[in-house]
file structure.txt (compact mmCIF, C-alpha atoms)
# COMPACT_ATOMS: atom_id res chain seq x y z
CA MET A 734 22.82 -38.54 61.51
CA LYS A 735 24.35 -36.00 59.15
CA GLU A 736 23.03 -37.90 56.15
CA ASP A 737 19.50 -37.77 57.56
CA TYR A 738 19.63 -34.04 57.97
CA LEU A 739 20.69 -33.61 54.36
CA TRP A 740 17.83 -35.85 53.23
CA ASP A 741 14.88 -34.94 55.46
CA LYS A 742 16.17 -32.32 57.94
CA THR A 743 16.05 -34.71 60.88
CA GLY A 744 18.88 -34.59 63.35
CA GLY A 745 21.39 -31.83 62.73
CA ASP A 746 24.45 -30.86 60.73
CA PHE A 747 26.21 -27.66 61.62
CA ASP A 748 27.83 -27.14 58.22
CA ILE A 749 24.63 -27.64 56.30
CA GLU A 750 22.64 -25.46 58.67
CA GLN A 751 25.24 -22.74 58.25
CA LEU A 752 25.08 -23.05 54.48
CA GLU A 753 21.30 -22.84 54.63
CA ASN A 754 21.47 -19.69 56.67
CA THR A 755 24.07 -18.16 54.38
CA LEU A 756 22.06 -18.89 51.27
CA GLN A 757 18.80 -17.67 52.75
CA ALA A 758 19.24 -14.37 50.90
CA PHE A 759 18.69 -16.15 47.59
CA ARG A 760 15.60 -18.02 48.68
CA TYR A 761 12.44 -17.65 46.62
CA GLN A 762 10.37 -14.65 47.72
CA GLU A 763 6.71 -15.40 47.35
CA THR A 764 5.15 -13.29 44.62
CA ALA A 765 1.83 -13.15 42.87
CA PRO A 766 1.42 -15.44 39.89
CA PRO A 767 1.78 -13.78 36.49
CA GLY A 768 -1.31 -12.30 34.85
CA LEU A 769 -2.85 -14.72 32.43
CA PRO A 770 -3.45 -13.82 28.81
CA ALA A 771 -7.06 -13.13 27.92
CA LYS A 772 -7.35 -15.99 25.50
CA ILE A 773 -5.09 -18.77 24.38
CA ILE A 774 -4.95 -19.04 20.62
CA PRO A 775 -4.14 -22.61 19.67
CA PHE A 776 -1.52 -23.07 17.02
CA GLU A 777 -2.99 -23.83 13.62
CA ALA A 778 -0.88 -25.37 10.96
CA LYS A 779 -0.84 -23.24 7.83
CA PRO A 780 -1.67 -25.03 4.59
CA SER A 781 1.48 -25.67 2.65
CA ARG A 782 2.34 -23.79 -0.54
CA ARG A 783 2.52 -27.01 -2.46
CA LEU A 784 -1.09 -27.74 -1.68
CA PHE A 785 -2.01 -24.24 -2.81
CA LYS A 786 -0.15 -24.75 -6.09
CA LEU A 787 -1.88 -28.06 -6.69
CA THR A 788 -5.26 -26.52 -5.99
CA PHE A 789 -4.51 -23.66 -8.34
CA ALA A 790 -3.38 -26.03 -11.09
CA PHE A 791 -6.49 -28.13 -10.67
CA ALA A 792 -8.73 -25.05 -10.79
CA LEU A 793 -6.96 -23.84 -13.94
CA PHE A 794 -7.31 -27.23 -15.59
CA ALA A 795 -11.00 -27.38 -14.66
CA ALA A 796 -11.58 -23.90 -16.08
CA ILE A 797 -9.89 -24.82 -19.36
CA ALA A 798 -11.91 -28.02 -19.57
CA VAL A 799 -15.17 -26.13 -19.01
CA VAL A 800 -14.30 -23.58 -21.71
CA CYS A 801 -13.38 -26.30 -24.19
CA PHE A 802 -16.52 -28.28 -23.46
CA SER A 803 -18.79 -25.26 -23.75
CA ALA A 804 -17.10 -24.30 -27.03
CA TRP A 805 -17.60 -27.81 -28.36
CA PHE A 806 -21.20 -27.80 -27.17
CA TYR A 807 -21.91 -24.40 -28.76
CA PHE A 808 -20.35 -25.05 -32.18
CA PRO A 809 -20.90 -28.72 -32.93
CA ASN A 810 -22.81 -28.15 -36.23
CA VAL A 811 -20.24 -25.78 -37.68
CA LYS A 812 -17.46 -28.18 -36.90
CA THR A 813 -19.20 -31.17 -38.46
CA GLU A 814 -20.19 -29.18 -41.56
CA ILE A 815 -16.64 -28.01 -42.12
CA ALA A 816 -15.27 -31.44 -41.47
CA LYS A 817 -17.73 -33.05 -43.86
CA ASP A 818 -17.28 -30.62 -46.76
CA SER A 819 -13.60 -29.82 -46.63
CA PRO A 820 -11.31 -31.87 -48.81
CA LYS A 821 -8.36 -33.07 -46.79
CA ILE A 822 -5.44 -33.35 -49.15
CA ILE A 823 -5.52 -33.06 -52.88
CA SER A 824 -2.65 -34.65 -54.69
CA PRO A 825 -2.22 -34.26 -58.40
CA PRO A 826 -3.26 -37.51 -60.16
CA ASN A 827 -0.15 -37.87 -62.29
CA VAL A 828 2.37 -37.31 -59.56
CA GLU A 829 1.15 -39.70 -56.87
CA ASN A 830 4.45 -41.53 -56.60
CA THR A 831 6.38 -38.30 -56.20
CA VAL A 832 4.03 -36.99 -53.51
CA LYS A 833 4.79 -39.97 -51.30
CA GLU A 834 8.37 -38.79 -51.04
CA ILE A 835 7.40 -35.35 -49.76
CA PRO A 836 7.68 -34.77 -46.04
CA LEU A 837 4.43 -34.43 -44.15
CA GLU A 838 4.91 -30.73 -43.36
CA LYS A 839 4.88 -29.74 -47.03
CA THR A 840 1.61 -31.53 -47.70
CA THR A 841 -0.14 -29.21 -45.27
CA ASN A 842 0.01 -26.59 -48.02
CA LEU A 843 -2.71 -28.54 -49.74
CA MET A 844 -5.27 -28.07 -46.99
CA ILE A 845 -8.16 -26.18 -48.54
CA GLU A 846 -10.92 -24.52 -46.68
CA ASN A 847 -14.30 -24.74 -48.30
CA THR A 848 -16.12 -22.03 -46.43
CA GLU A 849 -15.93 -19.39 -49.14
CA THR A 850 -17.83 -18.96 -52.34
CA PRO A 851 -17.07 -21.59 -55.02
CA LYS A 852 -15.42 -19.18 -57.52
CA ASN A 853 -13.02 -17.69 -55.07
CA SER A 854 -12.13 -21.04 -53.59
CA ILE A 855 -11.36 -22.48 -57.05
CA LYS A 856 -9.04 -19.58 -57.82
CA LYS A 857 -7.24 -20.03 -54.53
CA GLU A 858 -6.89 -23.74 -55.01
CA VAL A 859 -5.47 -23.28 -58.48
CA VAL A 860 -2.94 -20.81 -57.15
CA LYS A 861 -2.00 -23.25 -54.39
CA ILE A 862 -1.61 -26.11 -56.84
CA LYS A 863 0.57 -23.97 -59.13
CA LYS A 864 2.74 -23.24 -56.15
CA PHE A 865 2.78 -26.84 -55.06
CA VAL A 866 3.34 -28.66 -58.32
CA PRO A 867 6.79 -27.24 -59.08
CA GLN A 868 7.94 -28.63 -55.75
CA VAL A 869 6.77 -32.16 -56.39
CA VAL A 870 7.41 -32.53 -60.11
CA ARG A 871 10.94 -32.70 -61.37
CA PRO A 872 12.05 -29.33 -62.66
CA ASN A 873 13.84 -30.82 -65.70
CA LYS A 874 10.50 -32.01 -67.17
CA PRO A 875 8.40 -28.88 -67.85
CA GLU A 876 5.89 -30.85 -69.96
CA ALA A 877 5.05 -33.14 -67.07
CA ARG A 878 4.66 -30.17 -64.76
CA GLU A 879 2.31 -28.39 -67.14
CA ALA A 880 0.25 -31.55 -67.53
CA ALA A 881 0.04 -32.03 -63.79
CA ILE A 882 -1.16 -28.48 -63.26
CA LYS A 883 -3.77 -28.85 -65.97
CA ASN A 884 -5.03 -32.14 -64.57
CA ALA A 885 -5.28 -30.73 -61.08
CA GLU A 886 -7.19 -27.70 -62.31
CA ASP A 887 -9.65 -29.90 -64.19
CA LEU A 888 -10.08 -32.17 -61.20
CA ILE A 889 -10.82 -29.33 -58.80
CA ALA A 890 -13.14 -27.59 -61.28
CA ASN A 891 -15.12 -30.82 -61.67
CA LYS A 892 -15.33 -31.33 -57.93
CA GLN A 893 -16.51 -27.77 -57.30
CA ALA A 894 -19.08 -28.04 -60.07
CA GLU A 895 -20.49 -31.20 -58.54
CA LYS A 896 -20.63 -29.80 -55.05
CA PRO A 897 -23.70 -27.78 -54.02
CA PRO A 898 -23.00 -24.37 -52.47
CA VAL A 899 -22.64 -24.43 -48.70
CA LYS A 900 -25.53 -22.87 -46.84
CA LEU A 901 -24.86 -21.71 -43.32
CA THR A 902 -27.47 -20.92 -40.70
CA LYS A 903 -27.48 -17.55 -38.94
CA GLU A 904 -25.80 -18.95 -35.85
CA GLU A 905 -23.15 -20.67 -37.93
CA THR A 906 -22.47 -17.53 -39.92
CA TYR A 907 -22.20 -15.51 -36.75
CA ALA A 908 -19.86 -18.06 -35.18
CA TYR A 909 -17.77 -18.16 -38.36
CA ASN A 910 -17.47 -14.38 -38.43
CA GLN A 911 -16.48 -14.32 -34.78
CA LEU A 912 -13.87 -16.97 -35.42
CA MET A 913 -12.46 -15.05 -38.37
CA LEU A 914 -12.39 -11.87 -36.30
CA ALA A 915 -10.55 -13.66 -33.50
CA LEU A 916 -8.08 -15.10 -36.00
CA SER A 917 -7.46 -11.72 -37.61
CA ILE A 918 -6.88 -10.13 -34.21
CA THR A 919 -4.56 -12.94 -33.25
CA SER A 920 -2.62 -12.70 -36.48
CA SER A 921 -2.26 -8.94 -36.12
CA LYS A 922 -0.99 -9.38 -32.57
CA LEU A 923 1.38 -12.04 -33.77
CA LYS A 924 2.64 -9.71 -36.45
CA ILE A 925 3.29 -7.02 -33.89
CA VAL A 926 5.22 -9.49 -31.77
CA THR A 927 7.18 -10.76 -34.77
CA ASP A 928 8.02 -7.20 -35.84
CA LYS A 929 9.13 -6.41 -32.36
CA LEU A 930 11.34 -9.46 -32.25
CA GLU A 931 12.88 -8.63 -35.61
CA GLY A 932 13.33 -4.99 -34.65
CA ILE A 933 11.18 -3.65 -37.44
CA GLU A 934 9.10 -1.60 -35.08
CA GLU A 935 12.16 0.08 -33.67
CA GLN A 936 13.41 0.84 -37.17
CA ASN A 937 10.05 2.42 -38.03
CA ALA A 938 10.15 4.45 -34.86
CA VAL A 939 13.63 5.66 -35.75
CA ARG A 940 12.44 6.62 -39.23
CA VAL A 941 9.49 8.53 -37.82
CA ASN A 942 11.80 10.35 -35.44
CA GLU A 943 14.18 11.22 -38.28
CA ARG A 944 11.31 12.71 -40.24
CA MET B 485 34.48 -36.44 40.29
CA PRO B 486 35.41 -36.85 36.64
CA GLU B 487 32.86 -35.62 34.13
CA ASN B 488 32.52 -39.02 32.44
CA GLU B 489 31.63 -40.76 35.68
CA MET B 490 28.97 -38.19 36.37
CA THR B 491 27.45 -38.63 32.92
CA GLY B 492 27.32 -42.37 33.47
CA ASN B 493 25.45 -41.88 36.71
CA MET B 494 23.00 -39.57 35.03
CA PHE B 495 22.32 -42.26 32.47
CA LEU B 496 21.64 -44.80 35.19
CA PHE B 497 19.30 -42.42 36.92
CA ALA B 498 17.41 -41.83 33.75
CA LYS B 499 16.98 -45.58 33.39
CA SER B 500 15.70 -46.00 36.92
CA GLU B 501 13.23 -43.17 36.34
CA THR B 502 11.86 -44.99 33.34
CA ARG B 503 11.45 -48.14 35.39
CA GLU B 504 9.59 -46.27 38.10
CA SER B 505 7.25 -44.55 35.70
CA ALA B 506 5.32 -47.85 35.52
CA ALA B 507 4.53 -47.64 39.22
CA PRO B 508 1.11 -46.33 40.35
CA VAL B 509 0.96 -42.56 40.64
CA SER B 510 1.07 -41.16 44.12
CA GLU B 511 -1.64 -39.08 45.74
CA LYS B 512 0.42 -35.95 45.20
CA ALA B 513 0.69 -36.72 41.52
CA THR B 514 -3.06 -37.25 41.31
CA ALA B 515 -3.65 -33.94 43.06
CA ALA B 516 -1.27 -32.25 40.64
CA ALA B 517 -3.10 -33.83 37.72
CA ARG B 518 -6.43 -32.51 39.01
CA LEU B 519 -4.90 -29.09 39.44
CA VAL B 520 -3.66 -29.16 35.88
CA GLU B 521 -7.09 -30.15 34.62
CA ARG B 522 -8.62 -27.22 36.43
CA VAL B 523 -6.03 -24.87 34.95
CA SER B 524 -6.73 -26.28 31.52
CA ALA B 525 -10.39 -25.50 32.04
CA GLY B 526 -9.42 -21.84 32.58
CA ASP B 527 -9.56 -21.75 36.39
CA GLU B 528 -7.31 -18.83 37.41
CA GLN B 529 -7.40 -19.80 41.06
CA ALA B 530 -6.05 -23.23 40.19
CA PHE B 531 -3.27 -21.55 38.26
CA GLY B 532 -2.44 -19.56 41.39
CA GLU B 533 -2.29 -22.78 43.41
CA LEU B 534 -0.08 -24.40 40.80
CA TYR B 535 2.23 -21.40 40.90
CA LYS B 536 2.41 -21.41 44.70
CA CYS B 537 3.16 -25.11 44.74
CA PHE B 538 5.87 -25.25 42.08
CA ALA B 539 7.37 -21.75 42.01
CA PRO B 540 10.10 -22.49 44.62
CA MET B 541 11.22 -25.55 42.67
CA VAL B 542 11.28 -23.60 39.40
CA HIS B 543 13.12 -20.76 41.12
CA GLY B 544 15.75 -23.18 42.41
CA ILE B 545 16.33 -24.69 38.98
CA VAL B 546 16.57 -21.26 37.38
CA LEU B 547 18.85 -19.94 40.12
CA ALA B 548 21.24 -22.82 39.48
CA ARG B 549 21.81 -21.41 36.00
CA VAL B 550 21.14 -17.68 35.70
CA PRO B 551 22.04 -14.57 37.73
CA ARG B 552 19.81 -14.21 40.79
CA ASP B 553 18.40 -10.85 39.63
CA GLU B 554 16.98 -12.52 36.54
CA ALA B 555 15.63 -15.59 38.30
CA GLN B 556 12.34 -14.09 39.44
CA ASP B 557 11.44 -12.81 35.96
CA ILE B 558 12.32 -16.13 34.39
CA VAL B 559 10.10 -17.97 36.90
CA GLN B 560 7.17 -15.85 35.76
CA GLU B 561 8.01 -16.50 32.11
CA VAL B 562 8.18 -20.24 32.78
CA PHE B 563 4.68 -20.28 34.25
CA LEU B 564 3.26 -18.15 31.46
CA SER B 565 4.82 -20.41 28.87
CA ALA B 566 3.48 -23.45 30.72
CA TYR B 567 -0.01 -21.98 30.77
CA LYS B 568 0.06 -21.31 27.03
CA ASN B 569 1.35 -24.78 26.22
CA LEU B 570 -0.61 -26.75 28.78
CA HIS B 571 -2.49 -28.58 26.02
CA THR B 572 0.80 -30.19 24.97
CA LEU B 573 1.26 -31.85 28.37
CA ARG B 574 0.31 -35.49 27.87
CA GLU B 575 0.77 -36.86 31.38
CA LYS B 576 -0.90 -34.40 33.72
CA SER B 577 0.60 -35.97 36.83
CA ALA B 578 4.12 -35.19 35.53
CA VAL B 579 3.53 -31.45 35.60
CA GLY B 580 6.46 -30.91 37.99
CA ALA B 581 8.97 -32.57 35.71
CA TRP B 582 7.47 -30.70 32.79
CA LEU B 583 7.83 -27.36 34.55
CA ALA B 584 11.41 -28.24 35.50
CA MET B 585 12.16 -28.95 31.85
CA ILE B 586 10.65 -25.62 30.76
CA ALA B 587 12.70 -23.86 33.44
CA ARG B 588 15.92 -25.46 32.18
CA ASN B 589 15.10 -24.53 28.61
CA ARG B 590 14.27 -20.97 29.57
CA ALA B 591 17.55 -20.64 31.44
CA THR B 592 19.42 -21.86 28.36
CA GLU B 593 17.43 -19.47 26.19
CA PHE B 594 18.34 -16.62 28.53
CA TYR B 595 22.01 -17.05 27.71
CA ARG B 596 21.27 -17.27 24.00
CA GLN B 597 19.42 -13.98 24.00
CA LEU B 598 21.83 -12.30 26.41
CA LYS B 599 23.53 -9.20 25.05
CA PRO B 600 27.25 -8.94 25.74
CA THR B 601 27.20 -7.41 29.20
CA GLU B 602 29.13 -8.22 32.30
CA GLU B 603 27.43 -9.10 35.54
CA LEU B 604 28.53 -7.17 38.61
CA SER B 605 30.42 -9.32 41.00
CA GLU B 606 28.63 -10.32 44.18
CA ASP B 607 31.14 -8.13 46.12
CA LEU B 608 29.98 -4.95 44.41
CA LYS B 609 26.29 -5.66 44.80
CA GLY B 610 26.24 -5.17 48.56
CA LYS B 611 28.70 -4.34 51.23
CA ASP B 612 27.08 -6.76 53.66
CA ALA B 613 29.61 -9.46 54.51
CA SER B 614 26.95 -12.16 54.70
CA ASN B 615 25.77 -11.36 51.18
CA VAL B 616 29.31 -11.58 49.89
CA GLN B 617 29.74 -14.95 51.52
CA ALA B 618 26.40 -16.12 50.16
CA GLY B 619 27.45 -15.03 46.69
CA GLU B 620 30.67 -16.98 46.96
CA VAL B 621 28.86 -20.13 48.10
CA LEU B 622 26.33 -19.81 45.29
CA THR B 623 29.10 -19.31 42.74
CA THR B 624 30.82 -22.44 44.05
CA ILE B 625 27.61 -24.45 43.80
CA ARG B 626 27.21 -23.28 40.20
CA THR B 627 30.59 -24.76 39.34
CA LEU B 628 29.27 -28.24 40.22
CA PRO B 629 27.79 -30.54 37.55
CA ASP B 630 24.18 -29.81 36.53
CA ALA B 631 22.52 -32.65 38.42
CA TYR B 632 24.29 -31.82 41.69
CA ARG B 633 23.93 -28.07 41.66
CA GLU B 634 20.22 -28.21 40.88
CA THR B 635 19.51 -30.64 43.72
CA LEU B 636 21.77 -28.80 46.15
CA ILE B 637 20.17 -25.43 45.47
CA LEU B 638 16.71 -26.91 45.94
CA ARG B 639 17.89 -28.38 49.23
CA LEU B 640 20.04 -25.55 50.59
CA VAL B 641 18.42 -22.45 49.13
CA GLU B 642 14.78 -23.48 48.80
CA ARG B 643 15.06 -25.77 51.84
CA MET B 644 13.12 -28.61 50.29
CA THR B 645 13.55 -32.14 51.63
CA GLY B 646 14.81 -34.95 49.44
CA ASN B 647 11.32 -36.36 49.00
CA GLU B 648 9.90 -32.98 48.04
CA ILE B 649 12.62 -32.53 45.44
CA ALA B 650 11.88 -35.97 44.03
CA ASP B 651 8.13 -35.33 43.93
CA GLN B 652 8.37 -31.97 42.24
CA THR B 653 11.13 -32.56 39.74
CA GLY B 654 10.00 -36.02 38.71
CA LEU B 655 13.32 -37.60 39.67
CA THR B 656 13.37 -40.78 41.72
CA PRO B 657 14.17 -40.45 45.44
CA GLU B 658 17.28 -42.59 44.87
CA SER B 659 18.59 -40.22 42.22
CA VAL B 660 17.97 -37.24 44.46
CA ARG B 661 19.67 -38.93 47.40
CA VAL B 662 22.75 -39.76 45.35
CA ASN B 663 22.87 -36.28 43.83
CA LEU B 664 22.58 -34.69 47.26
CA HIS B 665 25.28 -36.77 48.87
CA ARG B 666 27.77 -36.58 46.02
CA GLY B 667 27.06 -32.91 45.44
CA MET B 668 27.46 -32.10 49.12
CA LYS B 669 30.70 -34.00 49.22
CA LEU B 670 32.02 -32.02 46.26
CA LEU B 671 30.82 -28.75 47.74
CA ARG B 672 32.44 -29.47 51.06
CA SER B 673 35.74 -30.19 49.39
CA LYS B 674 35.50 -27.04 47.25
CA LEU B 675 34.62 -24.85 50.21
CA GLY B 676 37.26 -26.60 52.33
CA ILE B 677 34.89 -27.51 55.09
CA ASP B 678 35.19 -31.34 54.99
CA GLY B 679 33.07 -31.93 58.04
CA VAL B 680 34.93 -29.32 60.01
CA LYS B 681 33.78 -25.73 60.42
CA LYS B 682 35.78 -23.42 58.19

call {"tool": "encode", "arguments": {"input": "structure.txt", "output": "structure tokens"}}
result
Amino acid sequence: MKEDYLWDKTGGDFDIEQLENTLQAFRYQETAPPGLPAKIIPFEAKPSRRLFKLTFAFALFAAIAVVCFSAWFYFPNVKTEIAKDSPKIISPPNVENTVKEIPLEKTTNLMIENTETPKNSIKKEVVKIKKFVPQVVRPNKPEAREAAIKNAEDLIANKQAEKPPVKLTKEETYAYNQLMLALSITSSKLKIVTDKLEGIEEQNAVRVNER
Amino acid sequence: MPENEMTGNMFLFAKSETRESAAPVSEKATAAARLVERVSAGDEQAFGELYKCFAPMVHGIVLARVPRDEAQDIVQEVFLSAYKNLHTLREKSAVGAWLAMIARNRATEFYRQLKPTEELSEDLKGKDASNVQAGEVLTTIRTLPDAYRETLILRLVERMTGNEIADQTGLTPESVRVNLHRGMKLLRSKLGIDGVKK
């Protein structure tokens, strides 16, 4: 009987009834339900930072690709002209075997641009060859060195004489000037950076202050 | 009863609940599911009905864990939280068990956020002798294991029958019956009433 009262309140159990009466003070007092919020905002997952980084990298890559393509599309004639006319590497005829022993970096000194007037370019090339030949010819044979320089000069003079002067269109000239301007600006900036790194700028500033 | 034995029983009850979940849902569960659907659709009246139906059960579960002065506020918080997260409820008919779980979590959270204060003893709260006795009984019930104290408070304080407790909390009737009987036995021994009036 007692068990039934505990389960479904049938019958009677004095102890349990007394406990119920004692604990009545704690019973739930009916109250109004809480006020509902005006609108429930569903949780939205934020896009991860990694995804943002990837998107940014892709956008950057695409921008670079577009710039490169447009540059290539805008200056194709200039590039082909320069590529066609410019001699790659000139090695003195008598010192071919010696040149093979030179590391690749040093041979870059022989790169000659052919975008200037013929006279100036010949002078520059001769100067470059004079600088280059002492490196590749053995210093204990001055006769061989002199001969190599002379041969190189003759060779370049002949080549320049054979070659017709380069004629650039207006657009090409404009593009070339812009390129040179950009290079000069870049080199000046580089020089500033180099000076700064070497502390020359600071030394100059100190000198100016001393004055 | 040793703590280990109690834990073992809890495990068995959990298993039996899983077995019963395959059974067809009762009419009450279907009604609860409909109520939940109406609340999900933004029906405030349905929310009021849901509150009226389950608030005593939630109150009992909260009262088994937190001071009685805080219980009412926590009940309101439980229902607000339930309303906000109703879209996460997969099985609408199990809304009672879901609310019970939220209530337990809220009660745990209450102690996490609690600043270091000391609750007034039940003696100081009122000079009424019956209140003092009620406080003592409640404190004794709170010393019982979780499963027993929750069921006993729902039975003795909220005056729900065993079947009502089972329906609303999502426990099986067998689990509730065992919890009631074992809990009552423990309570009797702790209060020293062992079938005889103290």

call {"tool": "interface_residues", "arguments": {"input": "structure.txt", "of": "chain B", "to": "chain A", "cutoff": "9 Å", "atoms": "only C-alpha atoms", "output": "ChimeraX atom specification"}}
result
/B:528,531-533,535-536,539-541,543-544,547,552,556,560-561,563-564,567-569,571,614-615,617-619,621-622,637,639-647,660-661,664-665,668,672,677,679-682

call {"tool": "atom_distance", "arguments": {"input": "structure.txt", "atom1": "CA of Leu923 (chain A)", "atom2": "CA of Tyr909 (chain A)"}}
result
20.6 Å

call {"tool": "atom_distance", "arguments": {"input": "structure.txt", "atom1": "CA of Pro657 (chain B)", "atom2": "CA of Ala548 (chain B)"}}
result
19.9 Å

call {"tool": "atom_distance", "arguments": {"input": "structure.txt", "atom1": "CA of Phe785 (chain A)", "atom2": "CA of Ala798 (chain A)"}}
result
19.8 Å

call {"tool": "residues_near_point", "arguments": {"input": "structure.txt", "point": "(7.3, -25.4, 32.5)", "cutoff": "9 Å", "atoms": "all atoms listed in the file", "output": "PyMOL selection string"}}
result
chain B and resi 542+561-567+569-570+579-590
